[in-house]
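Source file: coords-v2.txt. Holds: compact mmCIF, all heavy atoms.
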# COMPACT_ATOMS: atom_id res chain seq x y z
N GLY C 1 2.55 -1.00 -13.57
CA GLY C 1 2.17 -0.93 -12.19
C GLY C 1 2.96 0.14 -11.44
O GLY C 1 3.75 0.87 -12.01
N GLY C 2 2.73 0.25 -10.16
CA GLY C 2 3.47 1.17 -9.31
C GLY C 2 3.37 2.61 -9.77
O GLY C 2 2.37 3.07 -10.29
N LEU C 3 4.45 3.37 -9.55
CA LEU C 3 4.48 4.79 -9.91
C LEU C 3 4.26 5.01 -11.40
O LEU C 3 3.54 5.92 -11.79
CB LEU C 3 5.82 5.41 -9.50
CG LEU C 3 6.03 5.63 -8.00
CD1 LEU C 3 7.45 6.10 -7.75
CD2 LEU C 3 5.04 6.62 -7.46
N VAL C 4 4.88 4.19 -12.23
CA VAL C 4 4.75 4.37 -13.68
C VAL C 4 3.29 4.20 -14.11
O VAL C 4 2.76 4.97 -14.89
CB VAL C 4 5.66 3.38 -14.44
CG1 VAL C 4 5.44 3.48 -15.93
CG2 VAL C 4 7.12 3.65 -14.10
N GLY C 5 2.62 3.20 -13.55
CA GLY C 5 1.22 2.93 -13.90
C GLY C 5 0.28 4.03 -13.45
O GLY C 5 -0.81 4.17 -13.97
N ARG C 6 0.70 4.83 -12.49
CA ARG C 6 -0.15 5.91 -11.97
C ARG C 6 0.33 7.28 -12.41
O ARG C 6 -0.11 8.29 -11.88
CB ARG C 6 -0.22 5.80 -10.45
CG ARG C 6 -0.92 4.54 -10.02
CD ARG C 6 -1.08 4.46 -8.53
NE ARG C 6 -1.79 3.24 -8.22
CZ ARG C 6 -1.20 2.07 -8.00
NH1 ARG C 6 0.10 1.97 -8.03
NH2 ARG C 6 -1.91 1.01 -7.72
N GLY C 7 1.29 7.33 -13.32
CA GLY C 7 1.77 8.61 -13.82
C GLY C 7 2.71 9.32 -12.85
O GLY C 7 3.03 10.48 -13.04
N HIS C 8 3.13 8.69 -11.79
CA HIS C 8 4.10 9.19 -10.82
C HIS C 8 3.62 10.42 -10.04
O HIS C 8 4.42 11.26 -9.67
CB HIS C 8 5.43 9.47 -11.52
CG HIS C 8 6.62 9.44 -10.59
ND1 HIS C 8 6.52 9.47 -9.23
CD2 HIS C 8 7.94 9.40 -10.86
CE1 HIS C 8 7.73 9.45 -8.70
NE2 HIS C 8 8.60 9.40 -9.66
N PRO C 9 2.32 10.55 -9.74
CA PRO C 9 1.90 11.67 -8.89
C PRO C 9 2.27 11.38 -7.44
O PRO C 9 2.23 10.23 -6.99
CB PRO C 9 0.39 11.71 -9.06
CG PRO C 9 0.03 10.31 -9.41
CD PRO C 9 1.20 9.75 -10.18
N ARG C 10 2.63 12.40 -6.72
CA ARG C 10 3.01 12.22 -5.31
C ARG C 10 1.86 11.65 -4.51
O ARG C 10 0.73 12.11 -4.60
CB ARG C 10 3.41 13.56 -4.70
CG ARG C 10 4.71 14.02 -5.23
CD ARG C 10 5.23 15.16 -4.42
NE ARG C 10 6.50 15.56 -5.02
CZ ARG C 10 7.00 16.74 -4.93
NH1 ARG C 10 6.37 17.69 -4.26
NH2 ARG C 10 8.16 17.01 -5.48
N GLY C 11 2.17 10.65 -3.72
CA GLY C 11 1.19 10.06 -2.82
C GLY C 11 0.27 9.02 -3.43
O GLY C 11 -0.35 8.26 -2.70
N ALA C 12 0.15 8.98 -4.75
CA ALA C 12 -0.83 8.08 -5.38
C ALA C 12 -0.51 6.62 -5.13
O ALA C 12 -1.41 5.82 -4.86
CB ALA C 12 -0.92 8.34 -6.87
N THR C 13 0.75 6.24 -5.20
CA THR C 13 1.09 4.84 -5.01
C THR C 13 0.78 4.40 -3.59
O THR C 13 0.18 3.35 -3.38
CB THR C 13 2.58 4.58 -5.33
OG1 THR C 13 2.79 4.87 -6.71
CG2 THR C 13 2.97 3.16 -5.08
N GLY C 14 1.15 5.19 -2.61
CA GLY C 14 0.87 4.84 -1.22
C GLY C 14 -0.62 4.76 -0.93
O GLY C 14 -1.09 3.84 -0.27
N LEU C 15 -1.38 5.72 -1.45
CA LEU C 15 -2.83 5.70 -1.24
C LEU C 15 -3.46 4.50 -1.91
O LEU C 15 -4.36 3.86 -1.35
CB LEU C 15 -3.46 7.00 -1.74
CG LEU C 15 -3.13 8.24 -0.93
CD1 LEU C 15 -3.68 9.49 -1.61
CD2 LEU C 15 -3.67 8.12 0.47
N CYS C 16 -3.00 4.17 -3.11
CA CYS C 16 -3.54 3.00 -3.81
C CYS C 16 -3.19 1.71 -3.07
O CYS C 16 -4.00 0.79 -3.00
CB CYS C 16 -3.03 2.95 -5.24
SG CYS C 16 -3.79 4.19 -6.30
N GLN C 17 -1.98 1.64 -2.51
CA GLN C 17 -1.61 0.46 -1.73
C GLN C 17 -2.54 0.31 -0.53
O GLN C 17 -3.04 -0.79 -0.25
CB GLN C 17 -0.17 0.58 -1.22
CG GLN C 17 0.88 0.33 -2.24
CD GLN C 17 2.28 0.52 -1.68
OE1 GLN C 17 2.46 1.08 -0.59
NE2 GLN C 17 3.27 0.06 -2.42
N LEU C 18 -2.78 1.39 0.18
CA LEU C 18 -3.63 1.32 1.37
C LEU C 18 -5.07 0.97 1.00
O LEU C 18 -5.72 0.19 1.70
CB LEU C 18 -3.59 2.64 2.14
CG LEU C 18 -2.25 2.94 2.81
CD1 LEU C 18 -2.25 4.34 3.41
CD2 LEU C 18 -1.92 1.90 3.86
N ALA C 19 -5.56 1.51 -0.11
CA ALA C 19 -6.91 1.18 -0.57
C ALA C 19 -7.01 -0.30 -0.92
O ALA C 19 -7.97 -0.98 -0.53
CB ALA C 19 -7.30 2.04 -1.76
N GLU C 20 -6.02 -0.81 -1.64
CA GLU C 20 -6.02 -2.23 -2.04
C GLU C 20 -5.95 -3.13 -0.81
O GLU C 20 -6.68 -4.13 -0.70
CB GLU C 20 -4.85 -2.51 -2.98
CG GLU C 20 -4.76 -3.95 -3.45
CD GLU C 20 -5.84 -4.37 -4.43
OE1 GLU C 20 -6.53 -3.49 -5.00
OE2 GLU C 20 -6.00 -5.58 -4.63
N LEU C 21 -5.08 -2.80 0.14
CA LEU C 21 -4.97 -3.61 1.34
C LEU C 21 -6.27 -3.60 2.15
O LEU C 21 -6.69 -4.62 2.69
CB LEU C 21 -3.80 -3.11 2.20
CG LEU C 21 -2.42 -3.28 1.58
CD1 LEU C 21 -1.36 -2.64 2.46
CD2 LEU C 21 -2.10 -4.73 1.30
N THR C 22 -6.92 -2.44 2.21
CA THR C 22 -8.19 -2.34 2.92
C THR C 22 -9.25 -3.23 2.28
O THR C 22 -10.01 -3.91 2.98
CB THR C 22 -8.67 -0.87 2.95
OG1 THR C 22 -7.69 -0.09 3.63
CG2 THR C 22 -10.01 -0.73 3.65
N LEU C 23 -9.28 -3.25 0.94
CA LEU C 23 -10.22 -4.14 0.24
C LEU C 23 -9.99 -5.59 0.64
O LEU C 23 -10.94 -6.35 0.89
CB LEU C 23 -10.08 -3.98 -1.28
CG LEU C 23 -10.60 -2.69 -1.87
CD1 LEU C 23 -10.26 -2.61 -3.36
CD2 LEU C 23 -12.11 -2.57 -1.66
N HIS C 24 -8.72 -6.01 0.70
CA HIS C 24 -8.41 -7.40 1.07
C HIS C 24 -8.82 -7.69 2.51
O HIS C 24 -9.39 -8.75 2.79
CB HIS C 24 -6.91 -7.68 0.88
CG HIS C 24 -6.53 -7.87 -0.54
ND1 HIS C 24 -6.63 -9.08 -1.18
CD2 HIS C 24 -6.06 -7.00 -1.45
CE1 HIS C 24 -6.23 -8.96 -2.43
NE2 HIS C 24 -5.88 -7.69 -2.62
N LEU C 25 -8.54 -6.78 3.42
CA LEU C 25 -8.88 -7.00 4.82
C LEU C 25 -10.38 -7.05 5.04
O LEU C 25 -10.87 -7.73 5.95
CB LEU C 25 -8.23 -5.92 5.70
CG LEU C 25 -6.71 -5.97 5.77
CD1 LEU C 25 -6.18 -4.78 6.56
CD2 LEU C 25 -6.21 -7.28 6.37
N ARG C 26 -11.13 -6.35 4.21
CA ARG C 26 -12.59 -6.35 4.32
C ARG C 26 -13.23 -7.48 3.52
O ARG C 26 -14.44 -7.68 3.58
CB ARG C 26 -13.16 -5.01 3.84
CG ARG C 26 -12.82 -3.88 4.77
CD ARG C 26 -13.38 -2.58 4.28
NE ARG C 26 -13.14 -1.51 5.24
CZ ARG C 26 -13.42 -0.25 5.01
NH1 ARG C 26 -13.96 0.13 3.87
NH2 ARG C 26 -13.15 0.65 5.94
N GLY C 27 -12.41 -8.20 2.72
CA GLY C 27 -12.93 -9.30 1.90
C GLY C 27 -13.65 -8.84 0.65
O GLY C 27 -14.49 -9.55 0.12
N HIS C 28 -13.30 -7.64 0.15
CA HIS C 28 -13.98 -7.06 -1.02
C HIS C 28 -13.06 -6.92 -2.23
O HIS C 28 -13.31 -6.09 -3.09
CB HIS C 28 -14.52 -5.67 -0.66
CG HIS C 28 -15.54 -5.70 0.43
ND1 HIS C 28 -15.76 -4.62 1.25
CD2 HIS C 28 -16.38 -6.66 0.86
CE1 HIS C 28 -16.71 -4.91 2.13
NE2 HIS C 28 -17.08 -6.15 1.92
N ALA C 29 -11.99 -7.71 -2.33
CA ALA C 29 -11.02 -7.55 -3.41
C ALA C 29 -11.34 -8.40 -4.64
O ALA C 29 -10.55 -8.46 -5.58
CB ALA C 29 -9.61 -7.87 -2.92
N GLY C 30 -12.47 -9.06 -4.66
CA GLY C 30 -12.89 -9.83 -5.83
C GLY C 30 -11.89 -10.93 -6.20
O GLY C 30 -11.43 -11.68 -5.33
N ASP C 31 -11.54 -11.00 -7.49
CA ASP C 31 -10.64 -12.03 -7.99
C ASP C 31 -9.23 -11.92 -7.41
O ASP C 31 -8.47 -12.88 -7.42
CB ASP C 31 -10.53 -11.98 -9.52
CG ASP C 31 -11.83 -12.34 -10.21
OD1 ASP C 31 -12.68 -13.00 -9.57
OD2 ASP C 31 -11.99 -11.96 -11.38
N ARG C 32 -8.87 -10.75 -6.89
CA ARG C 32 -7.53 -10.54 -6.33
C ARG C 32 -7.46 -10.92 -4.85
O ARG C 32 -6.40 -10.88 -4.24
CB ARG C 32 -7.13 -9.06 -6.47
CG ARG C 32 -7.09 -8.55 -7.88
CD ARG C 32 -6.73 -7.07 -7.94
NE ARG C 32 -7.38 -6.23 -6.95
CZ ARG C 32 -8.64 -5.77 -7.02
NH1 ARG C 32 -9.40 -6.11 -8.03
NH2 ARG C 32 -9.12 -4.98 -6.07
N GLN C 33 -8.59 -11.30 -4.28
CA GLN C 33 -8.69 -11.52 -2.84
C GLN C 33 -7.66 -12.51 -2.32
O GLN C 33 -7.53 -13.61 -2.83
CB GLN C 33 -10.09 -12.02 -2.47
CG GLN C 33 -10.31 -12.21 -0.98
CD GLN C 33 -10.25 -10.90 -0.22
OE1 GLN C 33 -10.84 -9.91 -0.62
NE2 GLN C 33 -9.53 -10.89 0.88
N ALA C 34 -6.93 -12.09 -1.28
CA ALA C 34 -6.02 -12.97 -0.56
C ALA C 34 -6.84 -13.65 0.53
O ALA C 34 -7.42 -12.97 1.39
CB ALA C 34 -4.87 -12.18 0.05
N GLY C 35 -6.90 -14.97 0.48
CA GLY C 35 -7.72 -15.70 1.43
C GLY C 35 -7.25 -15.54 2.86
O GLY C 35 -6.07 -15.63 3.16
N GLY C 36 -8.19 -15.27 3.76
CA GLY C 36 -7.89 -15.19 5.18
C GLY C 36 -7.04 -14.01 5.60
O GLY C 36 -6.39 -14.06 6.63
N ALA C 37 -7.01 -12.95 4.82
CA ALA C 37 -6.18 -11.78 5.15
C ALA C 37 -6.62 -11.17 6.47
O ALA C 37 -7.78 -10.84 6.65
CB ALA C 37 -6.25 -10.75 4.03
N ARG C 38 -5.68 -11.04 7.42
CA ARG C 38 -5.96 -10.41 8.71
C ARG C 38 -5.03 -9.23 8.98
O ARG C 38 -5.37 -8.30 9.67
CB ARG C 38 -5.81 -11.42 9.85
CG ARG C 38 -6.70 -12.63 9.75
CD ARG C 38 -8.15 -12.39 10.01
NE ARG C 38 -8.36 -11.78 11.32
CZ ARG C 38 -9.37 -10.96 11.60
NH1 ARG C 38 -10.25 -10.67 10.70
NH2 ARG C 38 -9.49 -10.44 12.80
N LEU C 39 -3.79 -9.31 8.44
CA LEU C 39 -2.79 -8.25 8.60
C LEU C 39 -2.29 -7.85 7.22
O LEU C 39 -2.21 -8.67 6.31
CB LEU C 39 -1.60 -8.73 9.43
CG LEU C 39 -1.85 -9.02 10.89
CD1 LEU C 39 -0.62 -9.69 11.51
CD2 LEU C 39 -2.21 -7.76 11.64
N ALA C 40 -1.92 -6.57 7.08
CA ALA C 40 -1.39 -6.08 5.81
C ALA C 40 -0.30 -5.06 6.08
O ALA C 40 -0.35 -4.34 7.08
CB ALA C 40 -2.51 -5.44 4.98
N LEU C 41 0.69 -5.00 5.19
CA LEU C 41 1.82 -4.08 5.34
C LEU C 41 2.04 -3.35 4.02
O LEU C 41 2.13 -3.97 2.96
CB LEU C 41 3.09 -4.85 5.70
CG LEU C 41 4.39 -4.06 5.70
CD1 LEU C 41 4.41 -3.03 6.82
CD2 LEU C 41 5.59 -5.00 5.82
N ALA C 42 2.11 -2.03 4.08
CA ALA C 42 2.45 -1.20 2.92
C ALA C 42 3.75 -0.47 3.23
O ALA C 42 3.92 0.08 4.31
CB ALA C 42 1.34 -0.18 2.65
N VAL C 43 4.69 -0.50 2.27
CA VAL C 43 5.98 0.16 2.43
C VAL C 43 6.23 1.02 1.20
O VAL C 43 6.06 0.56 0.08
CB VAL C 43 7.14 -0.85 2.59
CG1 VAL C 43 8.46 -0.14 2.71
CG2 VAL C 43 6.90 -1.75 3.78
N ASN C 44 6.63 2.26 1.42
CA ASN C 44 6.96 3.16 0.33
C ASN C 44 8.23 3.92 0.66
O ASN C 44 8.47 4.25 1.83
CB ASN C 44 5.84 4.19 0.12
CG ASN C 44 5.03 3.90 -1.12
OD1 ASN C 44 5.60 3.81 -2.19
ND2 ASN C 44 3.74 3.75 -0.96
N THR C 45 9.04 4.16 -0.34
CA THR C 45 10.24 4.97 -0.16
C THR C 45 10.22 6.10 -1.17
O THR C 45 9.54 6.03 -2.19
CB THR C 45 11.52 4.14 -0.35
OG1 THR C 45 11.56 3.64 -1.69
CG2 THR C 45 11.59 2.98 0.62
N GLY C 46 10.97 7.14 -0.89
CA GLY C 46 11.03 8.25 -1.82
C GLY C 46 12.24 9.12 -1.58
O GLY C 46 12.81 9.13 -0.49
N GLY C 47 12.63 9.81 -2.63
CA GLY C 47 13.78 10.70 -2.55
C GLY C 47 15.08 9.95 -2.35
O GLY C 47 15.08 8.78 -1.99
N ILE C 48 16.18 10.60 -2.61
CA ILE C 48 17.50 10.00 -2.43
C ILE C 48 18.37 10.98 -1.65
O ILE C 48 18.48 12.15 -2.01
CB ILE C 48 18.18 9.70 -3.79
CG1 ILE C 48 17.32 8.76 -4.63
CG2 ILE C 48 19.58 9.14 -3.59
CD1 ILE C 48 17.18 7.37 -4.08
N ILE C 49 18.97 10.50 -0.58
CA ILE C 49 19.92 11.29 0.21
C ILE C 49 21.16 10.44 0.39
O ILE C 49 21.11 9.40 1.05
CB ILE C 49 19.34 11.68 1.58
CG1 ILE C 49 18.09 12.55 1.41
CG2 ILE C 49 20.39 12.40 2.42
CD1 ILE C 49 17.39 12.89 2.71
N GLY C 50 22.25 10.83 -0.21
CA GLY C 50 23.49 10.09 -0.09
C GLY C 50 23.41 8.67 -0.59
O GLY C 50 24.05 7.79 -0.04
N GLY C 51 22.59 8.42 -1.59
CA GLY C 51 22.45 7.08 -2.16
C GLY C 51 21.42 6.20 -1.47
O GLY C 51 21.19 5.08 -1.88
N ASP C 52 20.81 6.69 -0.40
CA ASP C 52 19.79 5.93 0.32
C ASP C 52 18.45 6.62 0.20
O ASP C 52 18.36 7.79 -0.15
CB ASP C 52 20.16 5.81 1.80
CG ASP C 52 21.37 4.95 2.05
OD1 ASP C 52 21.52 3.92 1.36
OD2 ASP C 52 22.19 5.32 2.92
N ALA C 53 17.39 5.89 0.54
CA ALA C 53 16.05 6.46 0.51
C ALA C 53 15.96 7.62 1.50
O ALA C 53 16.40 7.51 2.65
CB ALA C 53 15.01 5.40 0.85
N GLY C 54 15.41 8.74 1.05
CA GLY C 54 15.25 9.90 1.92
C GLY C 54 14.02 9.80 2.80
O GLY C 54 13.89 10.50 3.79
N PHE C 55 13.11 8.91 2.44
CA PHE C 55 11.88 8.74 3.19
C PHE C 55 11.47 7.28 3.11
O PHE C 55 11.56 6.67 2.06
CB PHE C 55 10.75 9.61 2.59
CG PHE C 55 9.39 9.27 3.12
CD1 PHE C 55 8.97 9.76 4.33
CD2 PHE C 55 8.54 8.43 2.41
CE1 PHE C 55 7.71 9.44 4.83
CE2 PHE C 55 7.29 8.11 2.90
CZ PHE C 55 6.88 8.62 4.12
N VAL C 56 11.04 6.73 4.22
CA VAL C 56 10.45 5.39 4.25
C VAL C 56 9.17 5.49 5.05
O VAL C 56 9.17 5.92 6.20
CB VAL C 56 11.39 4.35 4.90
CG1 VAL C 56 10.71 2.99 4.96
CG2 VAL C 56 12.70 4.26 4.15
N GLY C 57 8.07 5.14 4.41
CA GLY C 57 6.77 5.14 5.09
C GLY C 57 6.27 3.72 5.20
O GLY C 57 6.28 2.98 4.21
N MET C 58 5.86 3.32 6.39
CA MET C 58 5.33 1.97 6.60
C MET C 58 4.00 2.07 7.32
O MET C 58 3.85 2.84 8.28
CB MET C 58 6.30 1.14 7.45
CG MET C 58 7.66 0.97 6.80
SD MET C 58 8.80 0.02 7.82
CE MET C 58 8.14 -1.61 7.57
N HIS C 59 3.03 1.29 6.84
CA HIS C 59 1.73 1.22 7.47
C HIS C 59 1.38 -0.24 7.70
O HIS C 59 1.51 -1.06 6.78
CB HIS C 59 0.65 1.84 6.58
CG HIS C 59 0.77 3.31 6.43
ND1 HIS C 59 1.64 3.89 5.54
CD2 HIS C 59 0.16 4.32 7.07
CE1 HIS C 59 1.55 5.21 5.63
NE2 HIS C 59 0.67 5.49 6.55
N VAL C 60 0.96 -0.57 8.90
CA VAL C 60 0.50 -1.92 9.22
C VAL C 60 -0.99 -1.81 9.51
O VAL C 60 -1.42 -1.00 10.33
CB VAL C 60 1.23 -2.49 10.45
CG1 VAL C 60 0.70 -3.88 10.78
CG2 VAL C 60 2.74 -2.53 10.19
N LEU C 61 -1.78 -2.62 8.80
CA LEU C 61 -3.22 -2.61 8.96
C LEU C 61 -3.66 -3.97 9.51
O LEU C 61 -3.07 -5.00 9.18
CB LEU C 61 -3.91 -2.36 7.62
CG LEU C 61 -3.48 -1.11 6.86
CD1 LEU C 61 -4.10 -1.10 5.48
CD2 LEU C 61 -3.87 0.13 7.63
N GLU C 62 -4.72 -3.96 10.32
CA GLU C 62 -5.25 -5.20 10.88
C GLU C 62 -6.77 -5.20 10.72
O GLU C 62 -7.44 -4.20 11.00
CB GLU C 62 -4.88 -5.31 12.35
CG GLU C 62 -5.38 -6.58 13.01
CD GLU C 62 -4.96 -6.70 14.46
OE1 GLU C 62 -4.45 -5.73 15.03
OE2 GLU C 62 -5.16 -7.78 15.03
N ALA C 63 -7.30 -6.33 10.28
CA ALA C 63 -8.75 -6.46 10.15
C ALA C 63 -9.37 -6.50 11.54
O ALA C 63 -8.79 -7.06 12.47
CB ALA C 63 -9.10 -7.72 9.38
N SER C 64 -10.53 -5.89 11.66
CA SER C 64 -11.19 -5.90 12.99
C SER C 64 -12.18 -7.03 13.08
O SER C 64 -12.55 -7.64 12.15
CB SER C 64 -11.88 -4.57 13.24
OG SER C 64 -12.79 -4.28 12.22
Show this structure as structure tokens.
Amino acid sequence: GGLVGRGHPRGATGLCQLAELTLHLRGHAGDRQAGGARLALAVNTGGIIGGDAGFVGMHVLEAS
């Protein structure tokens, strides 16, 4: 899973997270569906600066 499962291309993990969360919020995730999903959070980090993450990206999604 994660970066290893996607071959570690830049941006792929974050885009896949957002796509998966969107499927859940729309009720189209099939067997993986989280019941009653209304809010979703994706968090990604990257790079290292002084031992800490050099980048933190957070997206909060809400079903309409």
Any idea what's packed within 9 Å of Gly14 of chain C, counting only C-alpha atoms, ignoring anything in its chain fewer than 4 positions away? Could you give it as a ChimeraX atom specification?
/C:10,18-19,42-44,57
Secondary structure check, strand (DSSP E or B) residues of chain C, as a PyMOL selection string
chain C and resi 39-49+52-62
Just want the 4 Å neighbourhood of Ala40 of chain C, counted on all atoms listed in the file, with same-chain residues fewer than 6 positions away dropped. Output as a list in words.
Leu21, His59, Val60 and Leu61 of chain C
Export of prior selection with all heavy atoms as a PDB file, in the frame of the given file:
ATOM      1  N   LEU C  21      -5.080  -2.800   0.140  1.00  0.00           N
ATOM      2  CA  LEU C  21      -4.970  -3.610   1.340  1.00  0.00           C
ATOM      3  C   LEU C  21      -6.270  -3.600   2.150  1.00  0.00           C
ATOM      4  O   LEU C  21      -6.690  -4.620   2.690  1.00  0.00           O
ATOM      5  CB  LEU C  21      -3.800  -3.110   2.200  1.00  0.00           C
ATOM      6  CG  LEU C  21      -2.420  -3.280   1.580  1.00  0.00           C
ATOM      7  CD1 LEU C  21      -1.360  -2.640   2.460  1.00  0.00           C
ATOM      8  CD2 LEU C  21      -2.100  -4.730   1.300  1.00  0.00           C
ATOM      9  N   HIS C  59       3.030   1.290   6.840  1.00  0.00           N
ATOM     10  CA  HIS C  59       1.730   1.220   7.470  1.00  0.00           C
ATOM     11  C   HIS C  59       1.380  -0.240   7.700  1.00  0.00           C
ATOM     12  O   HIS C  59       1.510  -1.060   6.780  1.00  0.00           O
ATOM     13  CB  HIS C  59       0.650   1.840   6.580  1.00  0.00           C
ATOM     14  CG  HIS C  59       0.770   3.310   6.430  1.00  0.00           C
ATOM     15  ND1 HIS C  59       1.640   3.890   5.540  1.00  0.00           N
ATOM     16  CD2 HIS C  59       0.160   4.320   7.070  1.00  0.00           C
ATOM     17  CE1 HIS C  59       1.550   5.210   5.630  1.00  0.00           C
ATOM     18  NE2 HIS C  59       0.670   5.490   6.550  1.00  0.00           N
ATOM     19  N   VAL C  60       0.960  -0.570   8.900  1.00  0.00           N
ATOM     20  CA  VAL C  60       0.500  -1.920   9.220  1.00  0.00           C
ATOM     21  C   VAL C  60      -0.990  -1.810   9.510  1.00  0.00           C
ATOM     22  O   VAL C  60      -1.420  -1.000  10.330  1.00  0.00           O
ATOM     23  CB  VAL C  60       1.230  -2.490  10.450  1.00  0.00           C
ATOM     24  CG1 VAL C  60       0.700  -3.880  10.780  1.00  0.00           C
ATOM     25  CG2 VAL C  60       2.740  -2.530  10.190  1.00  0.00           C
ATOM     26  N   LEU C  61      -1.780  -2.620   8.800  1.00  0.00           N
ATOM     27  CA  LEU C  61      -3.220  -2.610   8.960  1.00  0.00           C
ATOM     28  C   LEU C  61      -3.660  -3.970   9.510  1.00  0.00           C
ATOM     29  O   LEU C  61      -3.070  -5.000   9.180  1.00  0.00           O
ATOM     30  CB  LEU C  61      -3.910  -2.360   7.620  1.00  0.00           C
ATOM     31  CG  LEU C  61      -3.480  -1.110   6.860  1.00  0.00           C
ATOM     32  CD1 LEU C  61      -4.100  -1.100   5.480  1.00  0.00           C
ATOM     33  CD2 LEU C  61      -3.870   0.130   7.630  1.00  0.00           C
TER      34      LEU C  61
END
Residues near Glu20 of chain C, cut-off 10 Å, only C-alpha atoms, skip fewer than 2 positions along chain, as a PyMOL selection string:
chain C and resi 14-18+22-25+28-29+32-33+40+42
Save out the residues we just selected, all heavy atoms, as a tab-separated table (two decimals), in the coordinates of the input.
chain	number	residue	atom	x	y	z
C	14	GLY	N	1.15	5.19	-2.61
C	14	GLY	CA	0.87	4.84	-1.22
C	14	GLY	C	-0.62	4.76	-0.93
C	14	GLY	O	-1.09	3.84	-0.27
C	15	LEU	N	-1.38	5.72	-1.45
C	15	LEU	CA	-2.83	5.70	-1.24
C	15	LEU	C	-3.46	4.50	-1.91
C	15	LEU	O	-4.36	3.86	-1.35
C	15	LEU	CB	-3.46	7.00	-1.74
C	15	LEU	CG	-3.13	8.24	-0.93
C	15	LEU	CD1	-3.68	9.49	-1.61
C	15	LEU	CD2	-3.67	8.12	0.47
C	16	CYS	N	-3.00	4.17	-3.11
C	16	CYS	CA	-3.54	3.00	-3.81
C	16	CYS	C	-3.19	1.71	-3.07
C	16	CYS	O	-4.00	0.79	-3.00
C	16	CYS	CB	-3.03	2.95	-5.24
C	16	CYS	SG	-3.79	4.19	-6.30
C	17	GLN	N	-1.98	1.64	-2.51
C	17	GLN	CA	-1.61	0.46	-1.73
C	17	GLN	C	-2.54	0.31	-0.53
C	17	GLN	O	-3.04	-0.79	-0.25
C	17	GLN	CB	-0.17	0.58	-1.22
C	17	GLN	CG	0.88	0.33	-2.24
C	17	GLN	CD	2.28	0.52	-1.68
C	17	GLN	OE1	2.46	1.08	-0.59
C	17	GLN	NE2	3.27	0.06	-2.42
C	18	LEU	N	-2.78	1.39	0.18
C	18	LEU	CA	-3.63	1.32	1.37
C	18	LEU	C	-5.07	0.97	1.00
C	18	LEU	O	-5.72	0.19	1.70
C	18	LEU	CB	-3.59	2.64	2.14
C	18	LEU	CG	-2.25	2.94	2.81
C	18	LEU	CD1	-2.25	4.34	3.41
C	18	LEU	CD2	-1.92	1.90	3.86
C	22	THR	N	-6.92	-2.44	2.21
C	22	THR	CA	-8.19	-2.34	2.92
C	22	THR	C	-9.25	-3.23	2.28
C	22	THR	O	-10.01	-3.91	2.98
C	22	THR	CB	-8.67	-0.87	2.95
C	22	THR	OG1	-7.69	-0.09	3.63
C	22	THR	CG2	-10.01	-0.73	3.65
C	23	LEU	N	-9.28	-3.25	0.94
C	23	LEU	CA	-10.22	-4.14	0.24
C	23	LEU	C	-9.99	-5.59	0.64
C	23	LEU	O	-10.94	-6.35	0.89
C	23	LEU	CB	-10.08	-3.98	-1.28
C	23	LEU	CG	-10.60	-2.69	-1.87
C	23	LEU	CD1	-10.26	-2.61	-3.36
C	23	LEU	CD2	-12.11	-2.57	-1.66
C	24	HIS	N	-8.72	-6.01	0.70
C	24	HIS	CA	-8.41	-7.40	1.07
C	24	HIS	C	-8.82	-7.69	2.51
C	24	HIS	O	-9.39	-8.75	2.79
C	24	HIS	CB	-6.91	-7.68	0.88
C	24	HIS	CG	-6.53	-7.87	-0.54
C	24	HIS	ND1	-6.63	-9.08	-1.18
C	24	HIS	CD2	-6.06	-7.00	-1.45
C	24	HIS	CE1	-6.23	-8.96	-2.43
C	24	HIS	NE2	-5.88	-7.69	-2.62
C	25	LEU	N	-8.54	-6.78	3.42
C	25	LEU	CA	-8.88	-7.00	4.82
C	25	LEU	C	-10.38	-7.05	5.04
C	25	LEU	O	-10.87	-7.73	5.95
C	25	LEU	CB	-8.23	-5.92	5.70
C	25	LEU	CG	-6.71	-5.97	5.77
C	25	LEU	CD1	-6.18	-4.78	6.56
C	25	LEU	CD2	-6.21	-7.28	6.37
C	28	HIS	N	-13.30	-7.64	0.15
C	28	HIS	CA	-13.98	-7.06	-1.02
C	28	HIS	C	-13.06	-6.92	-2.23
C	28	HIS	O	-13.31	-6.09	-3.09
C	28	HIS	CB	-14.52	-5.67	-0.66
C	28	HIS	CG	-15.54	-5.70	0.43
C	28	HIS	ND1	-15.76	-4.62	1.25
C	28	HIS	CD2	-16.38	-6.66	0.86
C	28	HIS	CE1	-16.71	-4.91	2.13
C	28	HIS	NE2	-17.08	-6.15	1.92
C	29	ALA	N	-11.99	-7.71	-2.33
C	29	ALA	CA	-11.02	-7.55	-3.41
C	29	ALA	C	-11.34	-8.40	-4.64
C	29	ALA	O	-10.55	-8.46	-5.58
C	29	ALA	CB	-9.61	-7.87	-2.92
C	32	ARG	N	-8.87	-10.75	-6.89
C	32	ARG	CA	-7.53	-10.54	-6.33
C	32	ARG	C	-7.46	-10.92	-4.85
C	32	ARG	O	-6.40	-10.88	-4.24
C	32	ARG	CB	-7.13	-9.06	-6.47
C	32	ARG	CG	-7.09	-8.55	-7.88
C	32	ARG	CD	-6.73	-7.07	-7.94
C	32	ARG	NE	-7.38	-6.23	-6.95
C	32	ARG	CZ	-8.64	-5.77	-7.02
C	32	ARG	NH1	-9.40	-6.11	-8.03
C	32	ARG	NH2	-9.12	-4.98	-6.07
C	33	GLN	N	-8.59	-11.30	-4.28
C	33	GLN	CA	-8.69	-11.52	-2.84
C	33	GLN	C	-7.66	-12.51	-2.32
C	33	GLN	O	-7.53	-13.61	-2.83
C	33	GLN	CB	-10.09	-12.02	-2.47
C	33	GLN	CG	-10.31	-12.21	-0.98
C	33	GLN	CD	-10.25	-10.90	-0.22
C	33	GLN	OE1	-10.84	-9.91	-0.62
C	33	GLN	NE2	-9.53	-10.89	0.88
C	40	ALA	N	-1.92	-6.57	7.08
C	40	ALA	CA	-1.39	-6.08	5.81
C	40	ALA	C	-0.30	-5.06	6.08
C	40	ALA	O	-0.35	-4.34	7.08
C	40	ALA	CB	-2.51	-5.44	4.98
C	42	ALA	N	2.11	-2.03	4.08
C	42	ALA	CA	2.45	-1.20	2.92
C	42	ALA	C	3.75	-0.47	3.23
C	42	ALA	O	3.92	0.08	4.31
C	42	ALA	CB	1.34	-0.18	2.65
